[in-house]
file input-v1.cif (mmCIF, N, CA and C atoms)
data_coords
loop_
_atom_site.label_atom_id
_atom_site.label_comp_id
_atom_site.auth_asym_id
_atom_site.auth_seq_id
_atom_site.Cartn_x
_atom_site.Cartn_y
_atom_site.Cartn_z
N GLN E 1 -8.90 -84.82 97.24
CA GLN E 1 -8.07 -83.99 96.38
C GLN E 1 -6.85 -83.54 97.16
N VAL E 2 -5.73 -83.51 96.47
CA VAL E 2 -4.46 -83.11 97.08
C VAL E 2 -4.42 -81.60 97.17
N GLN E 3 -4.17 -81.09 98.36
CA GLN E 3 -4.15 -79.65 98.55
C GLN E 3 -2.77 -79.09 98.79
N LEU E 4 -1.85 -79.95 99.24
CA LEU E 4 -0.47 -79.53 99.44
C LEU E 4 0.42 -80.59 98.80
N VAL E 5 1.27 -80.19 97.90
CA VAL E 5 2.16 -81.12 97.21
C VAL E 5 3.59 -80.83 97.62
N GLU E 6 4.19 -81.79 98.30
CA GLU E 6 5.57 -81.64 98.77
C GLU E 6 6.52 -82.39 97.84
N SER E 7 7.74 -81.91 97.80
CA SER E 7 8.78 -82.59 97.04
C SER E 7 10.14 -82.17 97.59
N GLY E 8 11.17 -82.87 97.14
CA GLY E 8 12.53 -82.46 97.48
C GLY E 8 13.24 -83.34 98.48
N GLY E 9 12.53 -84.28 99.08
CA GLY E 9 13.19 -85.16 100.03
C GLY E 9 14.11 -86.13 99.32
N GLY E 10 14.86 -86.88 100.10
CA GLY E 10 15.76 -87.86 99.52
C GLY E 10 16.76 -88.37 100.53
N SER E 11 17.70 -89.14 100.03
CA SER E 11 18.76 -89.69 100.87
C SER E 11 20.04 -88.91 100.60
N VAL E 12 20.62 -88.38 101.63
CA VAL E 12 21.83 -87.57 101.50
C VAL E 12 22.82 -87.95 102.59
N GLN E 13 24.06 -87.62 102.36
CA GLN E 13 25.08 -87.85 103.37
C GLN E 13 25.11 -86.68 104.35
N ALA E 14 25.54 -86.97 105.54
CA ALA E 14 25.67 -85.93 106.55
C ALA E 14 26.56 -84.81 106.02
N GLY E 15 26.15 -83.59 106.32
CA GLY E 15 26.88 -82.43 105.84
C GLY E 15 26.31 -81.85 104.56
N GLY E 16 25.46 -82.60 103.90
CA GLY E 16 24.86 -82.13 102.65
C GLY E 16 23.69 -81.20 102.90
N SER E 17 23.03 -80.83 101.81
CA SER E 17 21.89 -79.92 101.88
C SER E 17 20.73 -80.45 101.06
N LEU E 18 19.55 -80.02 101.45
CA LEU E 18 18.34 -80.34 100.70
C LEU E 18 17.45 -79.11 100.71
N ARG E 19 16.63 -78.98 99.67
CA ARG E 19 15.59 -77.96 99.66
C ARG E 19 14.26 -78.64 99.40
N LEU E 20 13.40 -78.55 100.37
CA LEU E 20 12.07 -79.11 100.26
C LEU E 20 11.13 -78.05 99.69
N SER E 21 10.15 -78.51 98.92
CA SER E 21 9.19 -77.59 98.32
C SER E 21 7.77 -78.02 98.68
N CYS E 22 6.89 -77.04 98.77
CA CYS E 22 5.48 -77.31 99.04
C CYS E 22 4.64 -76.33 98.25
N ARG E 23 3.78 -76.85 97.40
CA ARG E 23 2.92 -76.00 96.58
C ARG E 23 1.47 -76.25 96.95
N PRO E 24 0.80 -75.22 97.47
CA PRO E 24 -0.60 -75.41 97.85
C PRO E 24 -1.54 -75.21 96.66
N SER E 25 -2.63 -75.98 96.66
CA SER E 25 -3.67 -75.76 95.66
C SER E 25 -4.84 -75.00 96.27
N ILE E 26 -4.70 -74.65 97.54
CA ILE E 26 -5.71 -73.84 98.20
C ILE E 26 -5.19 -72.41 98.30
N TYR E 27 -6.12 -71.47 98.44
CA TYR E 27 -5.72 -70.07 98.57
C TYR E 27 -5.44 -69.76 100.03
N ILE E 28 -4.31 -69.13 100.28
CA ILE E 28 -3.96 -68.71 101.63
C ILE E 28 -4.20 -67.21 101.73
N TYR E 29 -5.09 -66.80 102.63
CA TYR E 29 -5.45 -65.40 102.77
C TYR E 29 -4.45 -64.68 103.66
N SER E 30 -4.53 -63.38 103.65
CA SER E 30 -3.73 -62.58 104.56
C SER E 30 -4.08 -63.01 105.98
N GLY E 31 -3.07 -63.28 106.77
CA GLY E 31 -3.30 -63.80 108.10
C GLY E 31 -3.26 -65.32 108.16
N GLY E 32 -3.20 -65.95 107.01
CA GLY E 32 -3.03 -67.40 106.96
C GLY E 32 -1.56 -67.75 107.12
N CYS E 33 -1.29 -69.03 107.19
CA CYS E 33 0.10 -69.43 107.41
C CYS E 33 0.35 -70.82 106.83
N MET E 34 1.61 -71.07 106.60
CA MET E 34 2.06 -72.40 106.20
C MET E 34 3.26 -72.77 107.04
N GLY E 35 3.41 -74.05 107.31
CA GLY E 35 4.50 -74.47 108.16
C GLY E 35 5.14 -75.76 107.69
N TRP E 36 6.31 -75.99 108.18
CA TRP E 36 7.03 -77.25 107.97
C TRP E 36 7.16 -77.95 109.32
N PHE E 37 6.85 -79.23 109.30
CA PHE E 37 6.98 -80.06 110.48
C PHE E 37 7.77 -81.30 110.11
N ARG E 38 8.26 -82.01 111.12
CA ARG E 38 8.92 -83.26 110.83
C ARG E 38 8.59 -84.27 111.92
N GLN E 39 8.65 -85.52 111.52
CA GLN E 39 8.36 -86.59 112.47
C GLN E 39 9.31 -87.75 112.22
N ALA E 40 10.15 -88.01 113.21
CA ALA E 40 11.06 -89.13 113.15
C ALA E 40 10.36 -90.37 113.71
N PRO E 41 10.81 -91.55 113.35
CA PRO E 41 10.18 -92.78 113.84
C PRO E 41 10.14 -92.81 115.36
N GLY E 42 8.97 -93.08 115.91
CA GLY E 42 8.82 -93.19 117.34
C GLY E 42 8.75 -91.87 118.08
N LYS E 43 8.75 -90.77 117.35
CA LYS E 43 8.72 -89.46 117.99
C LYS E 43 7.48 -88.67 117.56
N GLU E 44 7.18 -87.64 118.34
CA GLU E 44 6.05 -86.79 117.99
C GLU E 44 6.43 -85.85 116.85
N ARG E 45 5.40 -85.41 116.15
CA ARG E 45 5.63 -84.44 115.09
C ARG E 45 6.03 -83.11 115.72
N GLU E 46 7.08 -82.49 115.18
CA GLU E 46 7.57 -81.23 115.76
C GLU E 46 7.61 -80.14 114.71
N GLY E 47 7.36 -78.93 115.14
CA GLY E 47 7.40 -77.79 114.25
C GLY E 47 8.82 -77.37 113.94
N VAL E 48 9.05 -77.04 112.67
CA VAL E 48 10.37 -76.62 112.23
C VAL E 48 10.37 -75.13 111.90
N ALA E 49 9.44 -74.73 111.04
CA ALA E 49 9.43 -73.35 110.57
C ALA E 49 8.04 -73.00 110.06
N ALA E 50 7.75 -71.70 110.00
CA ALA E 50 6.45 -71.25 109.53
C ALA E 50 6.57 -69.94 108.78
N PHE E 51 5.58 -69.71 107.92
CA PHE E 51 5.52 -68.49 107.13
C PHE E 51 4.12 -67.92 107.27
N VAL E 52 4.04 -66.63 107.58
CA VAL E 52 2.75 -65.96 107.73
C VAL E 52 2.50 -65.06 106.54
N PHE E 53 1.30 -65.12 105.99
CA PHE E 53 0.94 -64.33 104.82
C PHE E 53 0.33 -63.00 105.23
N GLY E 54 0.53 -61.98 104.39
CA GLY E 54 -0.17 -60.73 104.57
C GLY E 54 0.58 -59.72 105.40
N GLY E 55 -0.18 -58.80 106.00
CA GLY E 55 0.40 -57.68 106.72
C GLY E 55 1.34 -58.09 107.83
N GLY E 56 1.02 -59.18 108.52
CA GLY E 56 1.90 -59.65 109.59
C GLY E 56 2.90 -60.65 109.08
N ARG E 57 3.18 -60.56 107.78
CA ARG E 57 4.03 -61.56 107.14
C ARG E 57 5.38 -61.67 107.82
N GLY E 58 5.81 -62.87 107.98
CA GLY E 58 7.11 -63.11 108.56
C GLY E 58 7.44 -64.57 108.51
N THR E 59 8.69 -64.84 108.75
CA THR E 59 9.14 -66.22 108.81
C THR E 59 9.59 -66.53 110.23
N TYR E 60 9.35 -67.74 110.63
CA TYR E 60 9.66 -68.17 111.98
C TYR E 60 10.31 -69.55 111.91
N VAL E 61 11.39 -69.69 112.62
CA VAL E 61 12.10 -70.96 112.67
C VAL E 61 12.34 -71.32 114.13
N ASP E 62 12.14 -72.58 114.44
CA ASP E 62 12.41 -73.03 115.81
C ASP E 62 13.82 -72.63 116.22
N ASP E 63 13.95 -72.14 117.44
CA ASP E 63 15.24 -71.62 117.91
C ASP E 63 16.37 -72.63 117.76
N SER E 64 16.07 -73.88 117.97
CA SER E 64 17.12 -74.91 117.92
C SER E 64 17.55 -75.23 116.49
N MET E 65 16.83 -74.67 115.51
CA MET E 65 17.11 -75.02 114.12
C MET E 65 17.51 -73.82 113.28
N LYS E 66 17.57 -72.66 113.87
CA LYS E 66 17.80 -71.44 113.10
C LYS E 66 19.13 -71.44 112.36
N ASP E 67 20.10 -72.15 112.87
CA ASP E 67 21.42 -72.09 112.22
C ASP E 67 21.50 -72.91 110.94
N ARG E 68 20.54 -73.84 110.74
CA ARG E 68 20.64 -74.71 109.58
C ARG E 68 19.38 -74.76 108.72
N PHE E 69 18.29 -74.25 109.22
CA PHE E 69 17.02 -74.33 108.50
C PHE E 69 16.57 -72.92 108.09
N THR E 70 16.14 -72.82 106.83
CA THR E 70 15.66 -71.54 106.31
C THR E 70 14.35 -71.77 105.58
N ILE E 71 13.34 -70.98 105.94
CA ILE E 71 12.05 -71.06 105.25
C ILE E 71 11.91 -69.84 104.36
N SER E 72 11.34 -70.07 103.18
CA SER E 72 11.14 -68.95 102.25
C SER E 72 9.97 -69.27 101.34
N ARG E 73 9.51 -68.25 100.63
CA ARG E 73 8.40 -68.45 99.70
C ARG E 73 8.66 -67.69 98.42
N ASP E 74 8.36 -68.34 97.32
CA ASP E 74 8.43 -67.71 96.01
C ASP E 74 7.01 -67.38 95.58
N ASN E 75 6.66 -66.09 95.61
CA ASN E 75 5.30 -65.69 95.28
C ASN E 75 4.92 -66.07 93.86
N ALA E 76 5.84 -65.88 92.93
CA ALA E 76 5.55 -66.15 91.53
C ALA E 76 5.23 -67.62 91.29
N LYS E 77 5.91 -68.48 92.03
CA LYS E 77 5.70 -69.92 91.88
C LYS E 77 4.70 -70.47 92.89
N ASN E 78 4.23 -69.61 93.78
CA ASN E 78 3.30 -70.05 94.82
C ASN E 78 3.83 -71.29 95.54
N THR E 79 5.07 -71.21 95.93
CA THR E 79 5.73 -72.37 96.52
C THR E 79 6.47 -71.97 97.79
N LEU E 80 6.34 -72.79 98.80
CA LEU E 80 7.04 -72.62 100.07
C LEU E 80 8.24 -73.55 100.07
N TYR E 81 9.35 -73.06 100.58
CA TYR E 81 10.57 -73.87 100.61
C TYR E 81 11.09 -74.02 102.03
N LEU E 82 11.80 -75.12 102.24
CA LEU E 82 12.57 -75.31 103.46
C LEU E 82 13.96 -75.75 103.05
N GLN E 83 14.92 -74.89 103.27
CA GLN E 83 16.32 -75.20 102.99
C GLN E 83 16.95 -75.77 104.23
N ILE E 84 17.56 -76.93 104.11
CA ILE E 84 18.23 -77.56 105.24
C ILE E 84 19.70 -77.75 104.87
N ASP E 85 20.56 -77.13 105.62
CA ASP E 85 22.00 -77.21 105.39
C ASP E 85 22.68 -78.02 106.50
N SER E 86 23.89 -78.45 106.20
CA SER E 86 24.68 -79.20 107.18
C SER E 86 23.86 -80.31 107.82
N LEU E 87 23.24 -81.11 106.98
CA LEU E 87 22.34 -82.16 107.46
C LEU E 87 23.04 -83.10 108.42
N LYS E 88 22.30 -83.52 109.44
CA LYS E 88 22.78 -84.46 110.44
C LYS E 88 21.89 -85.70 110.43
N ARG E 89 22.40 -86.78 110.95
CA ARG E 89 21.62 -88.01 110.98
C ARG E 89 20.32 -87.80 111.74
N GLU E 90 20.37 -86.96 112.76
CA GLU E 90 19.15 -86.74 113.54
C GLU E 90 18.09 -85.92 112.80
N ASP E 91 18.42 -85.44 111.61
CA ASP E 91 17.43 -84.76 110.77
C ASP E 91 16.58 -85.76 110.00
N THR E 92 16.95 -87.02 110.06
CA THR E 92 16.19 -88.06 109.37
C THR E 92 14.77 -88.09 109.90
N ALA E 93 13.81 -87.90 109.01
CA ALA E 93 12.40 -87.83 109.40
C ALA E 93 11.54 -87.68 108.16
N MET E 94 10.24 -87.84 108.36
CA MET E 94 9.28 -87.45 107.34
C MET E 94 8.99 -85.98 107.57
N TYR E 95 9.11 -85.21 106.54
CA TYR E 95 8.85 -83.77 106.62
C TYR E 95 7.50 -83.46 105.99
N TYR E 96 6.69 -82.72 106.74
CA TYR E 96 5.34 -82.40 106.30
C TYR E 96 5.17 -80.90 106.12
N CYS E 97 4.42 -80.56 105.11
CA CYS E 97 3.99 -79.19 104.90
C CYS E 97 2.55 -79.09 105.41
N ALA E 98 2.23 -77.96 106.02
CA ALA E 98 0.89 -77.76 106.55
C ALA E 98 0.43 -76.34 106.25
N ALA E 99 -0.88 -76.15 106.25
CA ALA E 99 -1.42 -74.83 105.94
C ALA E 99 -2.69 -74.54 106.73
N LYS E 100 -2.89 -73.27 106.97
CA LYS E 100 -4.14 -72.78 107.55
C LYS E 100 -4.50 -71.55 106.73
N ALA E 101 -5.65 -71.57 106.10
CA ALA E 101 -5.97 -70.55 105.09
C ALA E 101 -6.14 -69.15 105.67
N TRP E 102 -6.58 -69.02 106.91
CA TRP E 102 -6.75 -67.70 107.53
C TRP E 102 -6.76 -67.84 109.02
N GLY E 103 -6.54 -66.72 109.70
CA GLY E 103 -6.70 -66.67 111.14
C GLY E 103 -5.64 -67.39 111.95
N CYS E 104 -4.40 -67.34 111.52
CA CYS E 104 -3.35 -68.01 112.27
C CYS E 104 -3.02 -67.24 113.55
N SER E 105 -2.70 -67.99 114.57
CA SER E 105 -2.28 -67.40 115.83
C SER E 105 -0.76 -67.29 115.83
N GLY E 106 -0.27 -66.10 116.02
CA GLY E 106 1.17 -65.89 116.01
C GLY E 106 1.91 -66.58 117.12
N SER E 107 1.20 -66.93 118.17
CA SER E 107 1.85 -67.56 119.32
C SER E 107 1.96 -69.07 119.19
N SER E 108 1.39 -69.63 118.14
CA SER E 108 1.42 -71.09 118.01
C SER E 108 1.70 -71.53 116.58
N LEU E 109 2.56 -70.82 115.91
CA LEU E 109 2.86 -71.14 114.52
C LEU E 109 3.54 -72.48 114.34
N LEU E 110 4.22 -72.97 115.36
CA LEU E 110 4.91 -74.24 115.26
C LEU E 110 4.18 -75.34 116.03
N ASN E 111 2.91 -75.11 116.25
CA ASN E 111 2.07 -76.09 116.94
C ASN E 111 1.24 -76.84 115.89
N VAL E 112 1.24 -78.15 115.94
CA VAL E 112 0.50 -78.94 114.94
C VAL E 112 -0.99 -78.61 114.95
N LEU E 113 -1.50 -78.20 116.11
CA LEU E 113 -2.93 -77.93 116.23
C LEU E 113 -3.35 -76.67 115.48
N GLN E 114 -2.37 -75.85 115.09
CA GLN E 114 -2.68 -74.63 114.36
C GLN E 114 -3.23 -74.92 112.97
N TYR E 115 -2.81 -76.02 112.38
CA TYR E 115 -3.01 -76.27 110.96
C TYR E 115 -4.11 -77.29 110.68
N ASP E 116 -4.83 -77.05 109.59
CA ASP E 116 -5.91 -77.97 109.27
C ASP E 116 -5.77 -78.62 107.90
N VAL E 117 -4.71 -78.30 107.19
CA VAL E 117 -4.44 -78.95 105.92
C VAL E 117 -3.01 -79.46 105.95
N TRP E 118 -2.84 -80.72 105.61
CA TRP E 118 -1.52 -81.34 105.68
C TRP E 118 -1.19 -82.04 104.37
N GLY E 119 0.09 -82.01 104.04
CA GLY E 119 0.56 -82.76 102.90
C GLY E 119 0.85 -84.20 103.27
N GLN E 120 1.24 -84.98 102.28
CA GLN E 120 1.52 -86.41 102.47
C GLN E 120 2.89 -86.63 103.09
N GLY E 121 3.75 -85.66 103.02
CA GLY E 121 5.08 -85.80 103.59
C GLY E 121 6.11 -86.18 102.55
N THR E 122 7.33 -85.78 102.81
CA THR E 122 8.47 -86.17 101.97
C THR E 122 9.59 -86.65 102.89
N GLN E 123 10.14 -87.80 102.59
CA GLN E 123 11.12 -88.43 103.47
C GLN E 123 12.51 -87.86 103.27
N VAL E 124 13.15 -87.54 104.37
CA VAL E 124 14.55 -87.12 104.37
C VAL E 124 15.34 -88.14 105.17
N THR E 125 16.34 -88.74 104.55
CA THR E 125 17.18 -89.72 105.22
C THR E 125 18.63 -89.29 105.11
N VAL E 126 19.27 -89.15 106.26
CA VAL E 126 20.65 -88.68 106.29
C VAL E 126 21.54 -89.81 106.79
N SER E 127 22.55 -90.12 106.04
CA SER E 127 23.47 -91.19 106.41
C SER E 127 24.86 -90.60 106.70
N SER E 128 25.58 -91.28 107.55
CA SER E 128 26.92 -90.78 107.91
C SER E 128 27.97 -91.36 106.99
#

call {"tool": "encode", "arguments": {"input": "input-v1.cif", "output": "structure tokens"}}
result
Amino acid sequence: QVQLVESGGGSVQAGGSLRLSCRPSIYIYSGGCMGWFRQAPGKEREGVAAFVFGGGRGTYVDDSMKDRFTISRDNAKNTLYLQIDSLKREDTAMYYCAAKAWGCSGSSLLNVLQYDVWGQGTQVTVSS
């Protein structure tokens, strides 16, 4: 059964923007988290941004991406978003949504090992 449904990827020209969406079918408890990762061909999967649910709620974006990447969540739609602006060719990758229903560690929100539920990925291709 599909637990995370991603959408929003596509082919865009450099300088453009995309908004990726991820809708979980699992319940995320207070202290749980969701994250966005990406993996370019021949490279390891890397953390982009994360969202923590509940009292310690917050958004976290990798320092190298803070100027162009924004993570947000729409509670009413139960959807996590990743806004990517000023796209560059090096942003070309498969983007994955991930979730951990409870007990997230704040020190490893952008670590792939934190998460135990993964989406199928949505491809982002940036051309010059």

call {"tool": "resolve_selection", "arguments": {"input": "input-v1.cif", "expression": "the PyMOL selection byres (((chain E and resi 124-126 and name CA) around 6) and name CA)", "output": "list in words"}}
result
Gly9, Gly10, Ser11, Val12, Gln13, Ala14, Arg89, Thr92, Ala93, Gln123 and Ser127 of chain E

call {"tool": "write_last_selection", "arguments": {"input": "input-v1.cif", "atoms": "N, CA and C atoms", "output": "PDB file, in the frame of the given file"}}
result
ATOM      1  N   GLY E   9      12.530 -84.280  99.080  1.00  0.00           N
ATOM      2  CA  GLY E   9      13.190 -85.160 100.030  1.00  0.00           C
ATOM      3  C   GLY E   9      14.110 -86.130  99.320  1.00  0.00           C
ATOM      4  N   GLY E  10      14.860 -86.880 100.100  1.00  0.00           N
ATOM      5  CA  GLY E  10      15.760 -87.860  99.520  1.00  0.00           C
ATOM      6  C   GLY E  10      16.760 -88.370 100.530  1.00  0.00           C
ATOM      7  N   SER E  11      17.700 -89.140 100.030  1.00  0.00           N
ATOM      8  CA  SER E  11      18.760 -89.690 100.870  1.00  0.00           C
ATOM      9  C   SER E  11      20.040 -88.910 100.600  1.00  0.00           C
ATOM     10  N   VAL E  12      20.620 -88.380 101.630  1.00  0.00           N
ATOM     11  CA  VAL E  12      21.830 -87.570 101.500  1.00  0.00           C
ATOM     12  C   VAL E  12      22.820 -87.950 102.590  1.00  0.00           C
ATOM     13  N   GLN E  13      24.060 -87.620 102.360  1.00  0.00           N
ATOM     14  CA  GLN E  13      25.080 -87.850 103.370  1.00  0.00           C
ATOM     15  C   GLN E  13      25.110 -86.680 104.350  1.00  0.00           C
ATOM     16  N   ALA E  14      25.540 -86.970 105.540  1.00  0.00           N
ATOM     17  CA  ALA E  14      25.670 -85.930 106.550  1.00  0.00           C
ATOM     18  C   ALA E  14      26.560 -84.810 106.020  1.00  0.00           C
ATOM     19  N   ARG E  89      22.400 -86.780 110.950  1.00  0.00           N
ATOM     20  CA  ARG E  89      21.620 -88.010 110.980  1.00  0.00           C
ATOM     21  C   ARG E  89      20.320 -87.800 111.740  1.00  0.00           C
ATOM     22  N   THR E  92      16.950 -87.020 110.060  1.00  0.00           N
ATOM     23  CA  THR E  92      16.190 -88.060 109.370  1.00  0.00           C
ATOM     24  C   THR E  92      14.770 -88.090 109.900  1.00  0.00           C
ATOM     25  N   ALA E  93      13.810 -87.900 109.010  1.00  0.00           N
ATOM     26  CA  ALA E  93      12.400 -87.830 109.400  1.00  0.00           C
ATOM     27  C   ALA E  93      11.540 -87.680 108.160  1.00  0.00           C
ATOM     28  N   GLN E 123      10.140 -87.800 102.590  1.00  0.00           N
ATOM     29  CA  GLN E 123      11.120 -88.430 103.470  1.00  0.00           C
ATOM     30  C   GLN E 123      12.510 -87.860 103.270  1.00  0.00           C
ATOM     31  N   SER E 127      22.550 -90.120 106.040  1.00  0.00           N
ATOM     32  CA  SER E 127      23.470 -91.190 106.410  1.00  0.00           C
ATOM     33  C   SER E 127      24.860 -90.600 106.700  1.00  0.00           C
TER      34      SER E 127
END

call {"tool": "closest_residue", "arguments": {"input": "input-v1.cif", "among": "E:Ala99, E:Leu109, E:Ile26, E:Leu4", "to": "Val61 in chain E", "atoms": "only C-alpha atoms"}}
result
E:Leu109

call {"tool": "closest_residue", "arguments": {"input": "input-v1.cif", "among": "E:Ser128, E:Ser108, E:Gln3, E:Thr122", "to": "Met94 in chain E", "atoms": "only C-alpha atoms"}}
result
E:Thr122

call {"tool": "closest_residue", "arguments": {"input": "input-v1.cif", "among": "E:Leu87, E:Cys104, E:Leu20, E:Leu110", "to": "Asp62 in chain E", "atoms": "only C-alpha atoms"}}
result
E:Leu110

call {"tool": "closest_residue", "arguments": {"input": "input-v1.cif", "among": "E:Ser17, E:Gln114, E:Ser25, E:Ser72", "to": "Phe53 in chain E", "atoms": "only C-alpha atoms"}}
result
E:Ser72

call {"tool": "residues_around", "arguments": {"input": "input-v1.cif", "residues": "Gln120 in chain E", "least_positions_apart": "3", "cutoff": "7 Å", "atoms": "only N, CA and C atoms", "output": "list of chain:residue names"}}
result
E:Leu4, E:Val5, E:Glu6, E:Tyr95, E:Tyr96, E:Cys97

call {"tool": "select_by_dssp", "arguments": {"input": "input-v1.cif", "residues": "chain E", "states": "strand (DSSP E)", "output": "VMD selection string"}}
result
chain E and resid 4 to 7 10 to 13 18 to 24 33 to 39 46 to 52 58 to 61 69 to 74 79 to 84 93 to 100 117 to 118 122 to 127

call {"tool": "closest_residue", "arguments": {"input": "input-v1.cif", "among": "E:Val117, E:Arg23, E:Thr59, E:Thr70", "to": "Ala101 in chain E", "atoms": "only C-alpha atoms"}}
result
E:Val117

call {"tool": "closest_residue", "arguments": {"input": "input-v1.cif", "among": "E:Gly121, E:Gly31, E:Gly47, E:Pro41", "to": "Ser105 in chain E", "atoms": "all atoms listed in the file"}}
result
E:Gly31

call {"tool": "atom_distance", "arguments": {"input": "input-v1.cif", "atom1": "atom C of Trp118 in chain E", "atom2": "CA of Trp36 in chain E"}}
result
10.2 Å

call {"tool": "resolve_selection", "arguments": {"input": "input-v1.cif", "expression": "the PyMOL selection byres ((chain E and resi 86) around 7)", "output": "ChimeraX atom specification"}}
result
/E:14-18,68,84-85,87-88

call {"tool": "write_last_selection", "arguments": {"input": "input-v1.cif", "atoms": "N, CA and C atoms", "output": "mmCIF file, keeping the file's coordinate frame"}}
result
data_model
loop_
_atom_site.group_PDB
_atom_site.id
_atom_site.type_symbol
_atom_site.label_atom_id
_atom_site.label_comp_id
_atom_site.auth_asym_id
_atom_site.auth_seq_id
_atom_site.Cartn_x
_atom_site.Cartn_y
_atom_site.Cartn_z
ATOM 1 N N ALA E 14 25.540 -86.970 105.540
ATOM 2 C CA ALA E 14 25.670 -85.930 106.550
ATOM 3 C C ALA E 14 26.560 -84.810 106.020
ATOM 4 N N GLY E 15 26.150 -83.590 106.320
ATOM 5 C CA GLY E 15 26.880 -82.430 105.840
ATOM 6 C C GLY E 15 26.310 -81.850 104.560
ATOM 7 N N GLY E 16 25.460 -82.600 103.900
ATOM 8 C CA GLY E 16 24.860 -82.130 102.650
ATOM 9 C C GLY E 16 23.690 -81.200 102.900
ATOM 10 N N SER E 17 23.030 -80.830 101.810
ATOM 11 C CA SER E 17 21.890 -79.920 101.880
ATOM 12 C C SER E 17 20.730 -80.450 101.060
ATOM 13 N N LEU E 18 19.550 -80.020 101.450
ATOM 14 C CA LEU E 18 18.340 -80.340 100.700
ATOM 15 C C LEU E 18 17.450 -79.110 100.710
ATOM 16 N N ARG E 68 20.540 -73.840 110.740
ATOM 17 C CA ARG E 68 20.640 -74.710 109.580
ATOM 18 C C ARG E 68 19.380 -74.760 108.720
ATOM 19 N N ILE E 84 17.560 -76.930 104.110
ATOM 20 C CA ILE E 84 18.230 -77.560 105.240
ATOM 21 C C ILE E 84 19.700 -77.750 104.870
ATOM 22 N N ASP E 85 20.560 -77.130 105.620
ATOM 23 C CA ASP E 85 22.000 -77.210 105.390
ATOM 24 C C ASP E 85 22.680 -78.020 106.500
ATOM 25 N N LEU E 87 23.240 -81.110 106.980
ATOM 26 C CA LEU E 87 22.340 -82.160 107.460
ATOM 27 C C LEU E 87 23.040 -83.100 108.420
ATOM 28 N N LYS E 88 22.300 -83.520 109.440
ATOM 29 C CA LYS E 88 22.780 -84.460 110.440
ATOM 30 C C LYS E 88 21.890 -85.700 110.430
#

call {"tool": "atom_distance", "arguments": {"input": "input-v1.cif", "atom1": "atom N of Gly58 in chain E", "atom2": "atom C of Arg38 in chain E"}}
result
21.9 Å

call {"tool": "atom_distance", "arguments": {"input": "input-v1.cif", "atom1": "CA of Arg19 in chain E", "atom2": "CA of Thr79 in chain E"}}
result
11.8 Å

call {"tool": "residues_around", "arguments": {"input": "input-v1.cif", "residues": "Asp116 in chain E", "least_positions_apart": "3", "cutoff": "8 Å", "atoms": "only N, CA and C atoms", "output": "ChimeraX atom specification"}}
result
/E:98-101,112-113,119
